[in-house]
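Everything below concerns the one structure shown next.
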Amino acid sequence: MIEIAVVGAHLTGLPLNHELVAQGGEFRRAAGTQPCYRLYALAGGPPRRPGLLRVGARDGASIATEVWALPEAGFGRFVAAVPAPLCIGTLLLNDGTTPKGFLAEPEGLMGAEDITRYGGWRCYLAAIADPTPV
């Protein structure tokens with residue numbers, strides 16, 4: 001089994017989670033990234049998708065992820081279907097692990113909104129569903 005960290009539409013209960021399940025994916029744990037990432041709401045869709053970008057340690061924040069595990073063949077099929085500007089790289093998580101995970105190519109961030117302040121995709125979705133300030 002190969003671990004993969006997801007940050008957006010592939011999270012449990014969200015529109016693309018079925019793609020992980022269809023490839024034999026098993027939920028392993030929730031974990032935050034080390035604070036060296038920025039999260040963006042990408043232009044386009046549906047579905048809405050985030051882009052995660054690794055930045056300098058002083059320029060980022062910890063972003064919520066889910067870590068799933070896929071059989072080797074399922075991992076290969078899953079990764080082969082990832083569309084640009086998303087890509088798969090190695091993420092640095094707060095629990096000390098370094099699973100493969102979703103990242104965004106910098107050019108794909110043109111027109112994207114920086115949503116790092118929300119700390120994760122679910123919090124961002126909740127905020128845009130109820131835009132009333134707290």
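Please note that chains go A, B, ... in the order of the structure tokens, that every chain numbers its residues from 1, and that ligands are numbered from 1 in the order shown.
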
So that I can check the surroundings of A:Arg117, please list as a ChimeraX atom specification every protein, DNA and RNA residue that reaches within 9 Å of it, counting only C-alpha atoms and ignoring chain neighbours fewer than 6 positions away. /A:38-39,61,124

For stretch 83-126 of chain A against stretch 72-75 of chain A, with a cut-off of 12 Å and counting only C-alpha atoms, what is the closest atom pair and its distance in Å to one decimal for every residue that makes the cut, ordered by chain and number, as CSV?
```
residue,atom,partner,partner_atom,distance
A:Ile88,CA,A:Phe75,CA,11.0
A:Lys100,CA,A:Phe75,CA,10.2
A:Gly101,CA,A:Phe75,CA,11.2
```

List the spatial neighbours of A:Val21 as a ChimeraX atom specification - criterion: any atom at most 10 Å away, only C-alpha atoms, same-chain residues fewer than 6 positions off excluded. /A:10,12,27,68-70,74

Using only C-alpha atoms, can you tell me which of A:Gly120, A:Pro71, A:Gly108, A:Pro85 comes closest to A:Ala22? A:Pro71

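Between atom CA of A:Phe78 and atom CA of A:Ile128 the interatomic distance comes to 28.8 Å.
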